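A short worksheet on the structure shown next.
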Amino acid sequence: KRTFASFAQPWLVAGGWAIDLFLRKQTRYHGDIDILIRREAQLRLQEFLAGWDLWAADPPGTLRTWEKGKYFGKGLQDIWGRKTPSDPWQIQIMLFDVQNENWVFKRDESIQLPVAEVTDISEDGIVFLRPEIQLLYKSKSLRAKDHQDFGNAVKSMNTKQKSWLKESLAKVYQGTHPWLERL
């Protein structure tokens, strides 16, 4: 929060920390912090983090230096950052697209929600990605920490959140995703 406190564009916490903010407790170790911003704010972010070592992550995970002024269109979603090249990665910045003030899911653009409905706010005033949306993002790779985050979050999600996630997973994965039976 301290690093981004003066960033004059909307941003929110994503990833495992978003799940922990939803649960109001830390449930596991996090090696970095994931930040979600609108795609159109990326160059302002690059200016804001001037001096940081920033890299674009080309799918499926090849890194390249983020050249000054380089704008990334659809297809590139992640930027990794650290204060110096000798530091471990400290932040992952994820870009999201907006159409008509709707957040658009990167793997299926028919899944959309009003931008105002994809966030929640912690007791400390930290804006974070709602758990059902974060779990949809996590649903592709299914690493051990993704299963752990799902297991922790699903117990506290309400019926509406579970239904939305179930419908979205069924749509993206044609009804064959391991989390569906638990929703």
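Every chain in the structure tokens has a letter given in the order shown (A, B, ...), and although residue numbers restart at 1 in each chain, ligands are simply numbered from 1 in the order shown.
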Excluding same-chain residues fewer than 4 positions from Leu21 (chain A), what lies within 7 Å of it counting only C-alpha atoms, as a short mmCIF file (atom, residue, chain, number, x, y, z; two decimals) with N, CA, C and O atoms, in the first residue's frame?
```
data_model
loop_
_atom_site.label_atom_id
_atom_site.label_comp_id
_atom_site.auth_asym_id
_atom_site.auth_seq_id
_atom_site.Cartn_x
_atom_site.Cartn_y
_atom_site.Cartn_z
N TRP A 17 -2.90 -12.24 -1.95
CA TRP A 17 -3.19 -11.20 -0.96
C TRP A 17 -4.65 -10.75 -1.04
O TRP A 17 -5.25 -10.39 -0.01
N LYS A 25 -7.25 -12.19 7.12
CA LYS A 25 -6.10 -12.80 7.80
C LYS A 25 -5.16 -13.36 6.74
O LYS A 25 -5.59 -13.72 5.64
N SER A 122 -10.90 -3.41 2.26
CA SER A 122 -10.58 -3.97 3.57
C SER A 122 -10.88 -2.94 4.66
O SER A 122 -11.10 -1.75 4.39
#
```
Practice item. For Ala18 (chain A), please output as a list in words all residues within 7 Å (counting only C-alpha atoms; exclusion window: fewer than 6 positions along the same chain). Key: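 The contact residues come out as Phe128, Leu129 and Pro131 of chain A.
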Check your understanding: If you run DSSP on the backbone, which residues of region 38-102 of chain A are strand (DSSP E or B), as a PyMOL selection string?
Key -> chain A and resi 38+53-58+62-65+78-82+91-99+102
Exercise for review: Please identify which residues in region 65-158 of chain A DSSP calls helix (DSSP H, G or I) from the backbone, and express them as a list in words.
Suggested key: Val115, Ala116, Glu117, Pro131, Glu132, Ile133, Gln134, Leu135, Leu136, Tyr137, Lys138, Ala144, Lys145, Asp146, His147, Gln148, Asp149, Phe150, Gly151, Asn152, Ala153 and Val154 of chain A
Got time to write the residues from that selection, C-alpha atoms, as a PDB file, in the first residue's frame?
```pdb
ATOM      1  CA  VAL A 115     -15.850  -2.161 -12.749  1.00  0.00           C
ATOM      2  CA  ALA A 116     -17.417  -1.032  -9.466  1.00  0.00           C
ATOM      3  CA  GLU A 117     -18.543  -4.618  -8.757  1.00  0.00           C
ATOM      4  CA  PRO A 131     -12.531 -13.512  -4.293  1.00  0.00           C
ATOM      5  CA  GLU A 132     -14.734 -15.045  -6.973  1.00  0.00           C
ATOM      6  CA  ILE A 133     -13.002 -12.966  -9.651  1.00  0.00           C
ATOM      7  CA  GLN A 134      -9.538 -13.649  -8.273  1.00  0.00           C
ATOM      8  CA  LEU A 135     -10.273 -17.376  -8.231  1.00  0.00           C
ATOM      9  CA  LEU A 136     -11.400 -17.206 -11.854  1.00  0.00           C
ATOM     10  CA  TYR A 137      -7.987 -15.699 -12.692  1.00  0.00           C
ATOM     11  CA  LYS A 138      -6.275 -18.457 -10.680  1.00  0.00           C
ATOM     12  CA  ALA A 144      -0.815 -25.857  -4.953  1.00  0.00           C
ATOM     13  CA  LYS A 145      -1.247 -22.285  -3.713  1.00  0.00           C
ATOM     14  CA  ASP A 146      -4.224 -21.776  -6.052  1.00  0.00           C
ATOM     15  CA  HIS A 147      -5.983 -24.839  -4.621  1.00  0.00           C
ATOM     16  CA  GLN A 148      -5.149 -23.578  -1.125  1.00  0.00           C
ATOM     17  CA  ASP A 149      -6.562 -20.115  -1.895  1.00  0.00           C
ATOM     18  CA  PHE A 150      -9.704 -21.693  -3.357  1.00  0.00           C
ATOM     19  CA  GLY A 151     -10.192 -23.932  -0.321  1.00  0.00           C
ATOM     20  CA  ASN A 152      -9.728 -21.036   2.081  1.00  0.00           C
ATOM     21  CA  ALA A 153     -11.949 -18.582   0.204  1.00  0.00           C
ATOM     22  CA  VAL A 154     -14.855 -20.831  -0.793  1.00  0.00           C
TER      23      VAL A 154
END
```
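The spacing separating CA of Gly81 (chain A) from CA of Thr65 (chain A) amounts to 10.1 Å.
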Review point. Nearest to Trp11 (chain A) among A:Thr27, A:Gln174, A:Gln42, A:Ser163, with distances taken over only C-alpha atoms: which residue is it?
Key: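 Ranking A:Thr27, A:Gln174, A:Gln42, A:Ser163 by distance to Trp11 (chain A), first place goes to A:Gln42.
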Find the residues around region 86-94 of chain A up to 6 Å (only C-alpha atoms counted), leave out those fewer than 2 positions away in its own chain, and share them as a tab-separated table (two decimals) with all heavy atoms, in the first residue's frame.
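Dumped everything to part-v1.tsv:
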```tsv
chain	number	residue	atom	x	y	z
A	32	ASP	N	5.46	-12.13	-3.29
A	32	ASP	CA	5.36	-10.80	-3.87
A	32	ASP	C	3.94	-10.32	-3.68
A	32	ASP	O	3.14	-10.96	-3.02
A	32	ASP	CB	5.76	-10.80	-5.36
A	32	ASP	CG	4.81	-11.63	-6.23
A	32	ASP	OD1	3.86	-12.24	-5.71
A	32	ASP	OD2	5.02	-11.66	-7.46
A	33	ILE	N	3.63	-9.19	-4.27
A	33	ILE	CA	2.27	-8.67	-4.22
A	33	ILE	C	1.80	-8.43	-5.65
A	33	ILE	O	2.57	-7.96	-6.49
A	33	ILE	CB	2.16	-7.39	-3.36
A	33	ILE	CG1	0.70	-6.98	-3.20
A	33	ILE	CG2	3.00	-6.28	-3.92
A	33	ILE	CD1	0.45	-6.05	-2.06
A	34	ASP	N	0.57	-8.81	-5.92
A	34	ASP	CA	-0.02	-8.61	-7.24
A	34	ASP	C	-0.91	-7.38	-7.20
A	34	ASP	O	-1.74	-7.24	-6.31
A	34	ASP	CB	-0.87	-9.82	-7.64
A	34	ASP	CG	-0.06	-11.10	-7.75
A	34	ASP	OD1	1.18	-11.02	-7.82
A	34	ASP	OD2	-0.66	-12.18	-7.75
A	35	ILE	N	-0.72	-6.52	-8.19
A	35	ILE	CA	-1.50	-5.29	-8.32
A	35	ILE	C	-2.22	-5.33	-9.66
A	35	ILE	O	-1.62	-5.70	-10.67
A	35	ILE	CB	-0.58	-4.04	-8.26
A	35	ILE	CG1	0.22	-4.00	-6.96
A	35	ILE	CG2	-1.39	-2.76	-8.47
A	35	ILE	CD1	-0.60	-3.82	-5.70
A	36	LEU	N	-3.48	-4.97	-9.67
A	36	LEU	CA	-4.27	-4.95	-10.90
A	36	LEU	C	-4.59	-3.50	-11.24
A	36	LEU	O	-5.04	-2.73	-10.38
A	36	LEU	CB	-5.56	-5.74	-10.66
A	36	LEU	CG	-6.44	-6.09	-11.84
A	36	LEU	CD1	-5.71	-7.01	-12.82
A	36	LEU	CD2	-7.72	-6.76	-11.37
A	77	GLN	N	-0.49	-9.40	-20.37
A	77	GLN	CA	-1.26	-9.07	-19.17
A	77	GLN	C	-0.40	-8.73	-17.96
A	77	GLN	O	-0.89	-8.12	-17.03
A	77	GLN	CB	-2.16	-10.26	-18.78
A	77	GLN	CG	-3.02	-10.81	-19.88
A	77	GLN	CD	-4.08	-9.86	-20.37
A	77	GLN	OE1	-4.51	-8.96	-19.66
A	77	GLN	NE2	-4.50	-10.03	-21.60
A	78	ASP	N	0.86	-9.18	-17.96
A	78	ASP	CA	1.65	-9.11	-16.73
A	78	ASP	C	2.96	-8.36	-16.91
A	78	ASP	O	3.67	-8.55	-17.90
A	78	ASP	CB	1.98	-10.52	-16.23
A	78	ASP	CG	0.74	-11.31	-15.88
A	78	ASP	OD1	-0.08	-10.80	-15.09
A	78	ASP	OD2	0.60	-12.43	-16.38
A	79	ILE	N	3.27	-7.56	-15.89
A	79	ILE	CA	4.53	-6.85	-15.80
A	79	ILE	C	5.10	-7.17	-14.42
A	79	ILE	O	4.39	-7.08	-13.42
A	79	ILE	CB	4.32	-5.33	-15.96
A	79	ILE	CG1	3.72	-5.04	-17.35
A	79	ILE	CG2	5.62	-4.57	-15.74
A	79	ILE	CD1	3.05	-3.70	-17.47
A	80	TRP	N	6.35	-7.57	-14.40
A	80	TRP	CA	6.99	-7.91	-13.14
A	80	TRP	C	7.94	-6.79	-12.77
A	80	TRP	O	8.58	-6.19	-13.63
A	80	TRP	CB	7.77	-9.21	-13.27
A	80	TRP	CG	6.92	-10.43	-13.45
A	80	TRP	CD1	5.57	-10.48	-13.71
A	80	TRP	CD2	7.35	-11.78	-13.41
A	80	TRP	NE1	5.16	-11.78	-13.83
A	80	TRP	CE2	6.23	-12.60	-13.65
A	80	TRP	CE3	8.59	-12.38	-13.19
A	80	TRP	CZ2	6.31	-13.98	-13.67
A	80	TRP	CZ3	8.67	-13.75	-13.21
A	80	TRP	CH2	7.53	-14.55	-13.45
A	81	GLY	N	8.06	-6.53	-11.47
A	81	GLY	CA	8.92	-5.45	-11.04
A	81	GLY	C	9.68	-5.75	-9.76
A	81	GLY	O	9.24	-6.52	-8.91
A	82	ARG	N	10.84	-5.11	-9.67
A	82	ARG	CA	11.67	-5.15	-8.47
A	82	ARG	C	12.45	-3.85	-8.44
A	82	ARG	O	12.67	-3.21	-9.47
A	82	ARG	CB	12.59	-6.37	-8.49
A	82	ARG	CG	13.44	-6.46	-9.74
A	82	ARG	CD	14.11	-7.78	-9.88
A	82	ARG	NE	14.78	-7.87	-11.18
A	82	ARG	CZ	15.32	-8.96	-11.65
A	82	ARG	NH1	15.28	-10.07	-10.95
A	82	ARG	NH2	15.91	-8.96	-12.83
A	84	THR	N	15.65	-3.24	-7.77
A	84	THR	CA	16.93	-3.33	-8.48
A	84	THR	C	17.05	-4.71	-9.11
A	84	THR	O	16.39	-5.66	-8.65
A	84	THR	CB	18.13	-3.13	-7.52
A	84	THR	OG1	18.25	-4.28	-6.67
A	84	THR	CG2	17.99	-1.86	-6.68
```
Point to revise | Close residues, Phe48 (chain A) itself excluded, 10 Å, only C-alpha atoms, min 2 positions apart in chain, as a list of chain:residue names | key: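 Neighbouring residues, sequence-local ones excluded: A:Thr3, A:Phe4, A:Ser6, A:Phe7, A:Ala8, A:Gln42, A:Leu43, A:Arg44, A:Leu45, A:Gln46, A:Ala50, A:Gly51, A:Trp52.
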Export N, CA, C and O atoms of the chosen residues as an mmCIF file, in the first residue's frame?
```cif
data_model
loop_
_atom_site.group_PDB
_atom_site.id
_atom_site.type_symbol
_atom_site.label_atom_id
_atom_site.label_comp_id
_atom_site.auth_asym_id
_atom_site.auth_seq_id
_atom_site.Cartn_x
_atom_site.Cartn_y
_atom_site.Cartn_z
ATOM 1 N N THR A 3 3.833 1.774 -1.291
ATOM 2 C CA THR A 3 4.424 2.060 -2.594
ATOM 3 C C THR A 3 3.421 2.725 -3.514
ATOM 4 O O THR A 3 3.744 3.664 -4.233
ATOM 5 N N PHE A 4 2.174 2.260 -3.509
ATOM 6 C CA PHE A 4 1.174 2.752 -4.455
ATOM 7 C C PHE A 4 0.272 3.848 -3.894
ATOM 8 O O PHE A 4 -0.610 4.329 -4.589
ATOM 9 N N SER A 6 0.551 6.942 -3.486
ATOM 10 C CA SER A 6 0.485 8.203 -4.243
ATOM 11 C C SER A 6 0.300 7.992 -5.748
ATOM 12 O O SER A 6 0.368 8.957 -6.510
ATOM 13 N N PHE A 7 0.045 6.756 -6.168
ATOM 14 C CA PHE A 7 -0.219 6.507 -7.589
ATOM 15 C C PHE A 7 -1.610 7.031 -7.893
ATOM 16 O O PHE A 7 -2.607 6.587 -7.315
ATOM 17 N N ALA A 8 -1.700 7.998 -8.796
ATOM 18 C CA ALA A 8 -2.944 8.732 -9.027
ATOM 19 C C ALA A 8 -3.908 8.041 -9.986
ATOM 20 O O ALA A 8 -4.731 8.698 -10.608
ATOM 21 N N GLN A 42 -1.123 1.917 -17.850
ATOM 22 C CA GLN A 42 0.199 1.288 -17.769
ATOM 23 C C GLN A 42 1.359 2.261 -17.948
ATOM 24 O O GLN A 42 2.384 2.146 -17.263
ATOM 25 N N LEU A 43 1.254 3.216 -18.854
ATOM 26 C CA LEU A 43 2.379 4.135 -19.054
ATOM 27 C C LEU A 43 2.510 5.110 -17.880
ATOM 28 O O LEU A 43 3.625 5.511 -17.526
ATOM 29 N N ARG A 44 1.397 5.452 -17.252
ATOM 30 C CA ARG A 44 1.466 6.278 -16.045
ATOM 31 C C ARG A 44 2.136 5.492 -14.917
ATOM 32 O O ARG A 44 2.893 6.035 -14.129
ATOM 33 N N LEU A 45 1.851 4.202 -14.877
ATOM 34 C CA LEU A 45 2.496 3.345 -13.892
ATOM 35 C C LEU A 45 3.990 3.254 -14.164
ATOM 36 O O LEU A 45 4.806 3.307 -13.234
ATOM 37 N N GLN A 46 4.367 3.133 -15.426
ATOM 38 C CA GLN A 46 5.786 3.058 -15.772
ATOM 39 C C GLN A 46 6.510 4.327 -15.300
ATOM 40 O O GLN A 46 7.592 4.259 -14.731
ATOM 41 N N ALA A 50 9.407 4.769 -12.160
ATOM 42 C CA ALA A 50 10.697 5.077 -12.791
ATOM 43 C C ALA A 50 11.803 4.739 -11.807
ATOM 44 O O ALA A 50 11.715 5.037 -10.624
ATOM 45 N N GLY A 51 12.810 4.077 -12.310
ATOM 46 C CA GLY A 51 13.893 3.651 -11.439
ATOM 47 C C GLY A 51 13.775 2.197 -11.012
ATOM 48 O O GLY A 51 14.747 1.593 -10.582
ATOM 49 N N TRP A 52 12.587 1.623 -11.125
ATOM 50 C CA TRP A 52 12.396 0.195 -10.836
ATOM 51 C C TRP A 52 12.872 -0.616 -12.042
ATOM 52 O O TRP A 52 12.924 -0.122 -13.166
#
```
Practice item. Please provide the set of residues having any atom within 12 Å of Val172 (chain A), restricted to only C-alpha atoms, with same-chain residues fewer than 3 positions apart removed, written as a list in words. Key: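 In the requested format, the answer is Phe105, Lys106, Arg107, Asp108, Glu109, Ser110, Ile111, Leu136, Tyr137, Ser139, Lys140, Leu165, Lys166, Glu167, Ser168, Leu169, Gly175, Thr176, His177 and Leu180 of chain A.
Among A:Val98, A:Asn158, A:Arg130, A:Leu142, the residue with the shortest atom-to-atom distance to Ala14 (chain A), counting only C-alpha atoms, is A:Arg130.
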